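Colleague: Structure: protein-v1.json, JSON, C-alpha atoms.
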[["chain", "number", "residue", "atom", "x", "y", "z"],
["E", 1, "MET", "CA", 0.84, 10.86, 3.47],
["E", 2, "SER", "CA", 4.18, 12.21, 2.41],
["E", 3, "ASP", "CA", 3.27, 15.81, 3.14],
["E", 4, "GLU", "CA", 2.82, 14.89, 6.77],
["E", 5, "HIS", "CA", 6.08, 13.02, 7.27],
["E", 6, "ALA", "CA", 7.88, 15.98, 8.84],
["E", 7, "SER", "CA", 5.31, 16.17, 11.63],
["E", 8, "LEU", "CA", 5.11, 12.45, 12.39],
["E", 9, "PRO", "CA", 6.37, 11.20, 15.78],
["E", 10, "ILE", "CA", 9.01, 9.12, 14.00],
["E", 11, "ALA", "CA", 10.37, 12.24, 12.31],
["E", 12, "ALA", "CA", 10.63, 13.99, 15.67],
["E", 13, "ARG", "CA", 12.35, 10.92, 17.10],
["E", 14, "VAL", "CA", 14.87, 10.91, 14.25],
["E", 15, "ARG", "CA", 15.59, 14.60, 14.78],
["E", 16, "ARG", "CA", 16.16, 14.04, 18.52],
["E", 17, "LEU", "CA", 18.40, 11.06, 17.80],
["E", 18, "GLU", "CA", 20.46, 13.16, 15.39],
["E", 19, "GLU", "CA", 20.79, 15.91, 17.99],
["E", 20, "ARG", "CA", 21.93, 13.47, 20.68],
["E", 21, "LEU", "CA", 24.50, 11.85, 18.40],
["E", 22, "ILE", "CA", 25.87, 15.25, 17.45],
["E", 23, "GLU", "CA", 25.91, 16.43, 21.10],
["E", 24, "ALA", "CA", 27.74, 13.27, 22.12],
["E", 25, "GLY", "CA", 30.36, 13.84, 19.46],
["E", 26, "VAL", "CA", 29.57, 10.56, 17.71],
["E", 27, "LEU", "CA", 29.12, 12.34, 14.42],
["E", 28, "THR", "CA", 28.74, 15.81, 13.04],
["E", 29, "ASP", "CA", 25.93, 17.52, 11.19],
["E", 30, "ALA", "CA", 28.21, 17.76, 8.16],
["E", 31, "GLU", "CA", 28.87, 14.02, 8.21],
["E", 32, "LEU", "CA", 25.15, 13.32, 8.29],
["E", 33, "ASP", "CA", 24.52, 15.67, 5.39],
["E", 34, "HIS", "CA", 27.41, 14.15, 3.48],
["E", 35, "ALA", "CA", 26.04, 10.62, 3.91],
["E", 36, "LEU", "CA", 22.61, 11.70, 2.69],
["E", 37, "ASP", "CA", 24.07, 13.68, -0.21],
["E", 38, "ARG", "CA", 26.24, 10.74, -1.23],
["E", 39, "PHE", "CA", 23.24, 8.40, -1.29],
["E", 40, "LEU", "CA", 21.01, 10.82, -3.19],
["E", 41, "ALA", "CA", 23.74, 11.83, -5.64],
["E", 42, "SER", "CA", 24.09, 8.23, -6.75],
["E", 43, "ALA", "CA", 20.35, 7.52, -6.56],
["E", 44, "SER", "CA", 19.36, 7.89, -10.17],
["E", 45, "PRO", "CA", 17.16, 6.28, -12.81],
["E", 46, "THR", "CA", 20.35, 5.58, -14.73],
["E", 47, "ASN", "CA", 20.85, 2.71, -12.25],
["E", 48, "GLY", "CA", 17.50, 1.16, -13.14],
["E", 49, "ALA", "CA", 18.20, 1.87, -16.81],
["E", 50, "ARG", "CA", 21.45, -0.13, -16.65],
["E", 51, "LEU", "CA", 19.53, -3.12, -15.30],
["E", 52, "VAL", "CA", 16.93, -2.84, -18.05],
["E", 53, "ALA", "CA", 19.46, -2.47, -20.88],
["E", 54, "ARG", "CA", 21.44, -5.47, -19.64],
["E", 55, "ALA", "CA", 18.23, -7.51, -19.50],
["E", 56, "TRP", "CA", 17.34, -6.46, -23.06],
["E", 57, "VAL", "CA", 20.66, -7.70, -24.47],
["E", 58, "ASN", "CA", 21.29, -10.67, -22.19],
["E", 59, "PRO", "CA", 18.50, -13.27, -21.75],
["E", 60, "GLY", "CA", 20.32, -14.95, -18.88],
["E", 61, "PHE", "CA", 20.52, -11.68, -16.99],
["E", 62, "ARG", "CA", 16.88, -10.98, -17.78],
["E", 63, "GLY", "CA", 15.93, -14.29, -16.16],
["E", 64, "LEU", "CA", 18.01, -13.49, -13.10],
["E", 65, "LEU", "CA", 16.57, -9.98, -12.82],
["E", 66, "LEU", "CA", 13.00, -11.29, -12.92],
["E", 67, "GLY", "CA", 13.61, -14.32, -10.72],
["E", 68, "ASP", "CA", 16.10, -12.98, -8.17],
["E", 69, "ALA", "CA", 16.51, -9.22, -8.55],
["E", 70, "PRO", "CA", 18.81, -8.83, -5.50],
["E", 71, "ALA", "CA", 21.27, -11.24, -7.13],
["E", 72, "ALA", "CA", 21.04, -9.31, -10.39],
["E", 73, "LEU", "CA", 21.93, -6.10, -8.53],
["E", 74, "THR", "CA", 25.23, -7.60, -7.38],
["E", 75, "HIS", "CA", 26.19, -8.29, -11.01],
["E", 76, "LEU", "CA", 26.08, -4.57, -11.79],
["E", 77, "GLY", "CA", 27.50, -3.43, -8.45],
["E", 78, "LEU", "CA", 24.19, -1.91, -7.46],
["E", 79, "THR", "CA", 23.54, -3.82, -4.24],
["E", 80, "GLU", "CA", 24.16, -0.79, -2.06],
["E", 81, "ARG", "CA", 21.49, 1.10, -3.98],
["E", 82, "MET", "CA", 18.87, -0.80, -1.97],
["E", 83, "HIS", "CA", 18.26, -0.25, 1.75],
["E", 84, "ALA", "CA", 19.36, -3.71, 2.77],
["E", 85, "ALA", "CA", 19.42, -2.71, 6.43],
["E", 86, "THR", "CA", 15.67, -2.15, 6.47],
["E", 87, "GLY", "CA", 15.00, -5.43, 4.70],
["E", 88, "GLU", "CA", 13.84, -3.90, 1.46],
["E", 89, "ILE", "CA", 13.68, -6.44, -1.30],
["E", 90, "LEU", "CA", 13.58, -5.60, -4.98],
["E", 91, "ARG", "CA", 11.17, -7.31, -7.35],
["E", 92, "VAL", "CA", 11.22, -6.56, -11.06],
["E", 93, "VAL", "CA", 8.03, -7.12, -13.07],
["E", 94, "GLU", "CA", 8.14, -7.51, -16.83],
["E", 95, "ASN", "CA", 6.00, -5.82, -19.44],
["E", 96, "THR", "CA", 5.01, -8.08, -22.34],
["E", 97, "PRO", "CA", 2.89, -7.51, -25.45],
["E", 98, "GLY", "CA", -0.13, -8.68, -23.43],
["E", 99, "ARG", "CA", 0.60, -7.29, -19.96],
["E", 100, "HIS", "CA", 1.59, -3.86, -18.65],
["E", 101, "ASN", "CA", 2.76, -3.20, -15.10],
["E", 102, "VAL", "CA", 2.67, 0.02, -13.11],
["E", 103, "ILE", "CA", 3.82, 0.66, -9.54],
["E", 104, "VAL", "CA", 2.38, 2.77, -6.73],
["E", 105, "CYS", "CA", 2.48, 3.04, -2.96],
["E", 106, "THR", "CA", -1.06, 3.91, -1.90],
["E", 107, "LEU", "CA", -0.06, 4.33, 1.76],
["E", 108, "CYS", "CA", 2.84, 6.75, 1.24],
["E", 109, "SER", "CA", 5.40, 6.94, -1.57],
["E", 110, "CYS", "CA", 7.63, 3.86, -1.35],
["E", 111, "TYR", "CA", 9.71, 2.93, -4.37],
["E", 112, "PRO", "CA", 13.31, 1.91, -5.02],
["E", 113, "VAL", "CA", 14.90, 5.36, -4.69],
["E", 114, "GLY", "CA", 18.42, 4.10, -5.32],
["E", 115, "LEU", "CA", 17.43, 2.72, -8.72],
["E", 116, "LEU", "CA", 14.87, 5.30, -9.83],
["E", 117, "GLY", "CA", 16.16, 8.49, -8.19],
["E", 118, "PRO", "CA", 14.13, 10.67, -5.83],
["E", 119, "SER", "CA", 10.45, 10.17, -6.54],
["E", 120, "PRO", "CA", 8.64, 12.80, -8.59],
["E", 121, "SER", "CA", 5.97, 14.86, -6.86],
["E", 122, "TRP", "CA", 3.17, 13.25, -8.85],
["E", 123, "TYR", "CA", 4.20, 9.82, -7.54],
["E", 124, "LYS", "CA", 3.61, 11.11, -4.02],
["E", 125, "SER", "CA", 0.40, 12.93, -4.88],
["E", 126, "PRO", "CA", -2.88, 11.69, -3.36],
["E", 127, "ALA", "CA", -4.42, 11.84, -6.85],
["E", 128, "TYR", "CA", -1.97, 9.40, -8.45],
["E", 129, "ARG", "CA", -2.05, 7.05, -5.45],
["E", 130, "ALA", "CA", -5.84, 6.97, -5.28],
["E", 131, "ARG", "CA", -6.55, 6.81, -8.99],
["E", 132, "VAL", "CA", -3.97, 4.43, -10.44],
["E", 133, "VAL", "CA", -5.30, 1.46, -8.47],
["E", 134, "ARG", "CA", -8.86, 2.32, -9.55],
["E", 135, "GLU", "CA", -8.55, 3.47, -13.16],
["E", 136, "PRO", "CA", -5.00, 2.75, -14.34],
["E", 137, "ARG", "CA", -5.89, 2.82, -18.03],
["E", 138, "ALA", "CA", -7.23, 6.36, -17.75],
["E", 139, "VAL", "CA", -4.28, 7.50, -15.61],
["E", 140, "LEU", "CA", -1.74, 6.03, -18.04],
["E", 141, "ALA", "CA", -3.52, 7.73, -20.94],
["E", 142, "GLU", "CA", -3.05, 11.05, -19.13],
["E", 143, "PHE", "CA", 0.68, 10.28, -19.04],
["E", 144, "GLY", "CA", 0.48, 9.83, -22.82],
["E", 145, "LEU", "CA", 0.56, 6.05, -22.68],
["E", 146, "ASP", "CA", -2.45, 4.71, -24.57],
["E", 147, "LEU", "CA", -2.54, 0.96, -24.12],
["E", 148, "PRO", "CA", -4.48, -1.22, -26.56],
["E", 149, "PRO", "CA", -7.71, -2.54, -24.96],
["E", 150, "ASP", "CA", -6.45, -6.13, -25.03],
["E", 151, "VAL", "CA", -3.36, -5.33, -22.92],
["E", 152, "GLU", "CA", -4.00, -6.38, -19.34],
["E", 153, "ILE", "CA", -2.77, -4.12, -16.55],
["E", 154, "THR", "CA", -1.34, -5.10, -13.18],
["E", 155, "VAL", "CA", -0.92, -2.37, -10.55],
["E", 156, "TRP", "CA", 1.64, -3.20, -7.85],
["E", 157, "ASP", "CA", 0.86, -1.51, -4.53],
["E", 158, "ALA", "CA", 4.15, -1.52, -2.59],
["E", 159, "SER", "CA", 2.49, -1.62, 0.82],
["E", 160, "ALA", "CA", 5.09, -3.72, 2.67],
["E", 161, "GLU", "CA", 8.88, -4.20, 2.39],
["E", 162, "ALA", "CA", 9.19, -5.21, -1.27],
["E", 163, "ARG", "CA", 10.07, -2.48, -3.74],
["E", 164, "TYR", "CA", 8.98, -2.82, -7.35],
["E", 165, "MET", "CA", 10.53, -1.80, -10.64],
["E", 166, "VAL", "CA", 9.11, -2.34, -14.12],
["E", 167, "LEU", "CA", 11.13, -3.99, -16.90],
["E", 168, "PRO", "CA", 9.77, -2.22, -19.99],
["E", 169, "GLN", "CA", 9.59, -3.85, -23.41],
["E", 170, "ARG", "CA", 12.54, -3.17, -25.66],
["E", 171, "PRO", "CA", 11.42, -0.57, -28.18],
["E", 172, "ALA", "CA", 11.04, -1.71, -31.77],
["E", 173, "GLY", "CA", 13.79, -0.76, -34.19],
["E", 174, "THR", "CA", 16.59, -0.79, -31.60],
["E", 175, "GLY", "CA", 18.33, -3.94, -32.82],
["E", 176, "ALA", "CA", 21.45, -2.04, -33.85],
["E", 177, "LEU", "CA", 21.94, -0.27, -30.51],
["E", 178, "ASP", "CA", 24.45, -1.44, -27.94],
["E", 179, "GLU", "CA", 23.79, -1.76, -24.22],
["E", 180, "ALA", "CA", 24.92, 1.76, -23.31],
["E", 181, "GLN", "CA", 22.79, 3.27, -26.07],
["E", 182, "LEU", "CA", 19.78, 1.22, -24.97],
["E", 183, "ALA", "CA", 20.20, 2.39, -21.38],
["E", 184, "ARG", "CA", 19.78, 5.97, -22.54],
["E", 185, "LEU", "CA", 16.31, 5.10, -23.91],
["E", 186, "VAL", "CA", 15.04, 4.11, -20.46],
["E", 187, "THR", "CA", 13.26, 6.78, -18.41],
["E", 188, "ARG", "CA", 12.09, 6.96, -14.83],
["E", 189, "GLY", "CA", 8.53, 6.77, -16.13],
["E", 190, "GLY", "CA", 9.38, 3.56, -17.92],
["E", 191, "LEU", "CA", 10.69, 2.09, -14.66],
["E", 192, "VAL", "CA", 7.48, 3.12, -12.84],
["E", 193, "GLY", "CA", 5.27, 1.99, -15.72],
["E", 194, "THR", "CA", 3.82, 5.37, -16.65],
["E", 195, "ALA", "CA", 5.81, 5.39, -19.90],
["E", 196, "ALA", "CA", 6.53, 2.72, -22.51],
["E", 197, "ALA", "CA", 10.29, 2.71, -21.82],
["Z", 1, "MET", "CA", 5.57, -14.93, 19.15],
["Z", 2, "ALA", "CA", 8.91, -16.42, 18.21],
["Z", 3, "GLU", "CA", 10.39, -15.26, 14.96],
["Z", 4, "PRO", "CA", 9.91, -17.87, 12.26],
["Z", 5, "GLY", "CA", 13.00, -18.74, 10.27],
["Z", 6, "PRO", "CA", 13.18, -17.76, 6.63],
["Z", 7, "ASP", "CA", 12.18, -21.29, 5.62],
["Z", 8, "ALA", "CA", 9.32, -21.67, 8.07],
["Z", 9, "ALA", "CA", 6.17, -22.68, 6.25],
["Z", 10, "GLY", "CA", 3.56, -19.98, 6.01],
["Z", 11, "ARG", "CA", -0.15, -20.50, 6.35],
["Z", 12, "PHE", "CA", -0.86, -19.87, 2.67],
["Z", 13, "ARG", "CA", 0.47, -21.05, -0.68],
["Z", 14, "PRO", "CA", 0.45, -19.48, -4.14],
["Z", 15, "GLY", "CA", -3.01, -19.93, -5.65],
["Z", 16, "ASP", "CA", -4.80, -19.99, -2.28],
["Z", 17, "ARG", "CA", -7.97, -17.92, -2.11],
["Z", 18, "ILE", "CA", -7.98, -15.56, 0.84],
["Z", 19, "ARG", "CA", -10.20, -12.86, 2.21],
["Z", 20, "THR", "CA", -8.71, -9.84, 3.91],
["Z", 21, "ARG", "CA", -9.98, -9.08, 7.37],
["Z", 22, "THR", "CA", -12.53, -6.38, 7.99],
["Z", 23, "ILE", "CA", -10.75, -4.27, 10.56],
["Z", 24, "ASP", "CA", -10.63, -0.59, 11.40],
["Z", 25, "PRO", "CA", -7.91, -0.24, 14.01],
["Z", 26, "ALA", "CA", -7.13, 3.04, 15.72],
["Z", 27, "HIS", "CA", -3.43, 2.38, 15.14],
["Z", 28, "HIS", "CA", -1.29, 2.21, 12.02],
["Z", 29, "THR", "CA", -1.82, -0.79, 9.76],
["Z", 30, "ARG", "CA", -0.61, -1.70, 6.29],
["Z", 31, "LEU", "CA", -3.87, -3.29, 5.23],
["Z", 32, "PRO", "CA", -5.15, -0.52, 2.96],
["Z", 33, "ARG", "CA", -8.72, 0.56, 3.56],
["Z", 34, "TYR", "CA", -9.66, -0.11, -0.06],
["Z", 35, "ALA", "CA", -8.73, -3.77, 0.32],
["Z", 36, "ARG", "CA", -10.49, -4.70, 3.56],
["Z", 37, "GLY", "CA", -12.91, -7.62, 3.46],
["Z", 38, "ARG", "CA", -11.94, -8.43, -0.14],
["Z", 39, "LEU", "CA", -11.36, -11.73, -1.91],
["Z", 40, "GLY", "CA", -7.91, -12.24, -3.40],
["Z", 41, "VAL", "CA", -5.51, -14.94, -4.56],
["Z", 42, "VAL", "CA", -2.01, -15.45, -3.16],
["Z", 43, "GLU", "CA", 0.45, -14.69, -5.96],
["Z", 44, "ARG", "CA", 3.75, -15.07, -4.10],
["Z", 45, "VAL", "CA", 4.98, -15.95, -0.63],
["Z", 46, "GLN", "CA", 7.61, -13.55, 0.71],
["Z", 47, "ARG", "CA", 9.76, -13.96, 3.79],
["Z", 48, "PRO", "CA", 8.65, -12.95, 7.30],
["Z", 49, "PHE", "CA", 8.87, -9.29, 8.31],
["Z", 50, "PRO", "CA", 8.09, -7.46, 11.58],
["Z", 51, "LEU", "CA", 4.43, -6.46, 11.76],
["Z", 52, "PRO", "CA", 4.14, -2.68, 11.24],
["Z", 53, "ASP", "CA", 1.02, -2.53, 13.40],
["Z", 54, "ASP", "CA", 3.19, -3.53, 16.37],
["Z", 55, "ARG", "CA", 6.24, -1.47, 15.40],
["Z", 56, "ALA", "CA", 4.16, 1.69, 15.06],
["Z", 57, "ARG", "CA", 2.87, 1.20, 18.60],
["Z", 58, "GLY", "CA", 6.33, 0.56, 20.01],
["Z", 59, "ILE", "CA", 5.52, -3.05, 20.92],
["Z", 60, "ALA", "CA", 8.84, -4.79, 21.50],
["Z", 61, "PRO", "CA", 9.51, -7.23, 20.14],
["Z", 62, "PRO", "CA", 6.97, -6.89, 17.35],
["Z", 63, "ARG", "CA", 5.26, -9.94, 15.96],
["Z", 64, "VAL", "CA", 7.08, -11.25, 12.90],
["Z", 65, "GLU", "CA", 4.84, -12.61, 10.19],
["Z", 66, "ARG", "CA", 5.17, -13.84, 6.65],
["Z", 67, "VAL", "CA", 4.19, -11.38, 3.93],
["Z", 68, "TYR", "CA", 2.20, -12.43, 0.89],
["Z", 69, "THR", "CA", 1.73, -10.75, -2.46],
["Z", 70, "VAL", "CA", -2.02, -10.99, -3.03],
["Z", 71, "ALA", "CA", -3.74, -10.33, -6.36],
["Z", 72, "PHE", "CA", -7.18, -8.72, -6.44],
["Z", 73, "ASP", "CA", -9.51, -8.38, -9.40],
["Z", 74, "ALA", "CA", -10.38, -4.71, -9.91],
["Z", 75, "ARG", "CA", -14.11, -5.55, -9.86],
["Z", 76, "GLU", "CA", -13.70, -7.09, -6.42],
["Z", 77, "LEU", "CA", -12.17, -3.85, -5.15],
["Z", 78, "TRP", "CA", -14.21, -1.24, -7.00],
["Z", 79, "GLY", "CA", -17.39, -2.95, -8.18],
["Z", 80, "ASP", "CA", -18.70, -3.44, -11.68],
["Z", 81, "ALA", "CA", -19.00, 0.27, -12.34],
["Z", 82, "GLY", "CA", -15.25, 0.80, -12.18],
["Z", 83, "GLU", "CA", -12.78, 0.74, -15.04],
["Z", 84, "GLY", "CA", -12.82, -3.03, -14.76],
["Z", 85, "ALA", "CA", -10.37, -5.50, -16.12],
["Z", 86, "HIS", "CA", -7.14, -4.89, -14.26],
["Z", 87, "THR", "CA", -5.40, -6.56, -11.37],
["Z", 88, "VAL", "CA", -4.10, -4.89, -8.21],
["Z", 89, "THR", "CA", -1.49, -6.72, -6.14],
["Z", 90, "ILE", "CA", -0.90, -5.76, -2.53],
["Z", 91, "ASP", "CA", 1.75, -7.03, -0.11],
["Z", 92, "LEU", "CA", 0.00, -8.14, 3.07],
["Z", 93, "TRP", "CA", 1.06, -9.59, 6.43],
["Z", 94, "GLU", "CA", -0.34, -13.01, 7.33],
["Z", 95, "SER", "CA", -2.64, -11.82, 10.14],
["Z", 96, "TYR", "CA", -4.45, -9.56, 7.63],
["Z", 97, "LEU", "CA", -5.67, -12.67, 5.78],
["Z", 98, "GLU", "CA", -8.18, -15.42, 6.36],
["Z", 99, "PRO", "CA", -8.66, -18.51, 4.20],
["Z", 100, "GLU", "CA", -11.64, -18.19, 1.87],
["Z", 101, "ARG", "CA", -13.66, -21.37, 1.72],
["Z", 102, "GLY", "CA", -16.64, -22.35, -0.38],
["Z", 103, "ASP", "CA", -17.95, -20.95, -3.62],
["Z", 104, "ARG", "CA", -18.65, -17.38, -4.29]]
Can the structure in the file be given as structure tokens, please?
Modeller:
Amino acid sequence: MSDEHASLPIAARVRRLEERLIEAGVLTDAELDHALDRFLASASPTNGARLVARAWVNPGFRGLLLGDAPAALTHLGLTERMHAATGEILRVVENTPGRHNVIVCTLCSCYPVGLLGPSPSWYKSPAYRARVVREPRAVLAEFGLDLPPDVEITVWDASAEARYMVLPQRPAGTGALDEAQLARLVTRGGLVGTAAA
Amino acid sequence: MAEPGPDAAGRFRPGDRIRTRTIDPAHHTRLPRYARGRLGVVERVQRPFPLPDDRARGIAPPRVERVYTVAFDARELWGDAGEGAHTVTIDLWESYLEPERGDR
């Protein structure tokens, strides 16, 4: 679980590797921090929101986003927001009037950080991870999202290398808004599936 | 095991019925406990990835296996007393799965 990451053998190995690289003069502590800061500073749900807003206004882009999300990322210059080096692959799943999607990582807390920003503490909590696969309708209601009984729910457990993002439904009454205005309607919860948009 | 190319055929196809293995290894695995020994349907075939069970144990090179997105009915995972009518999809390496034959 995420709380235990700092004590895992892999964490100790990473710390030792960092120390060796710094000792050897390959890089400095400041450079490491800068690289991490740069990634996290640009890791934001506004990236996912841009993808969603483009899909809402452009049916061709919507098809690309759902069928080949990595290709869609290149269109918006967001390719580097995914950890390509580790083989992570993005898949976007679409909410419809009859189907709602919600994402989780029951084994730890995987999700597309570069597109959604650092994950909220509840996403990493044992309660969310255990309950959303078992009683998603009740969990979503606690988030304030009451789904009609006839809406089917799919829970995506990101247990391997694919990372999931939800494409919410475009809210009603937004026909007059442009793409930038639409993007501002999209929240991190909407991209996880715990909010309508 | 040689690494299969990205186009190498996997053992399963979308729509295939599978059953996850009933295992309880001492080492790390990505087959979640709640989905062991359960019936599911292959939803999508992904590309091959290194097997985390091997990577976590430092086995070099690790086996490389195709990953499948498998859909499970909530009742199959949690029983009839659960919340019921939803679907849970889980991404699973090929060696976690066995073909499910016959009626059930």
Colleague: Between Z:Ala74, Z:Val67, Z:Ala56, Z:Val42, single out the one closest to Ile89 of chain E, counting only C-alpha atoms.
Modeller: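 Result for the nearest residue to Ile89 of chain E: Z:Val67.
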Colleague: In terms of the shortest atom-to-atom distance over all atoms listed in the file, which of E:Ala43, E:Leu8, E:Leu36, E:Ala160 is closest to chain Z?
Modeller: E:Ala160
Colleague: With distances taken over all atoms listed in the file, which of Z:Ile90, Z:Ala35, Z:Ala9, Z:Leu77 is nearest to chain E?
Modeller: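 Residue with the minimum atom-to-atom distance to chain E: Z:Ile90.
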Colleague: Could you tell me how far atom CA of Thr29 of chain Z sits from atom CA of Ser159 of chain E, in Å to one decimal place?
Modeller: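 Result for atom CA of Ser159 of chain E versus atom CA of Thr29 of chain Z: 10.0 Å, one decimal.
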Colleague: May I ask you to extract the residues of chain E within 7 Å of chain Z, using all atoms listed in the file, and to give them as an NGL selection string?
Modeller: :E and (133-135 or 152-160)
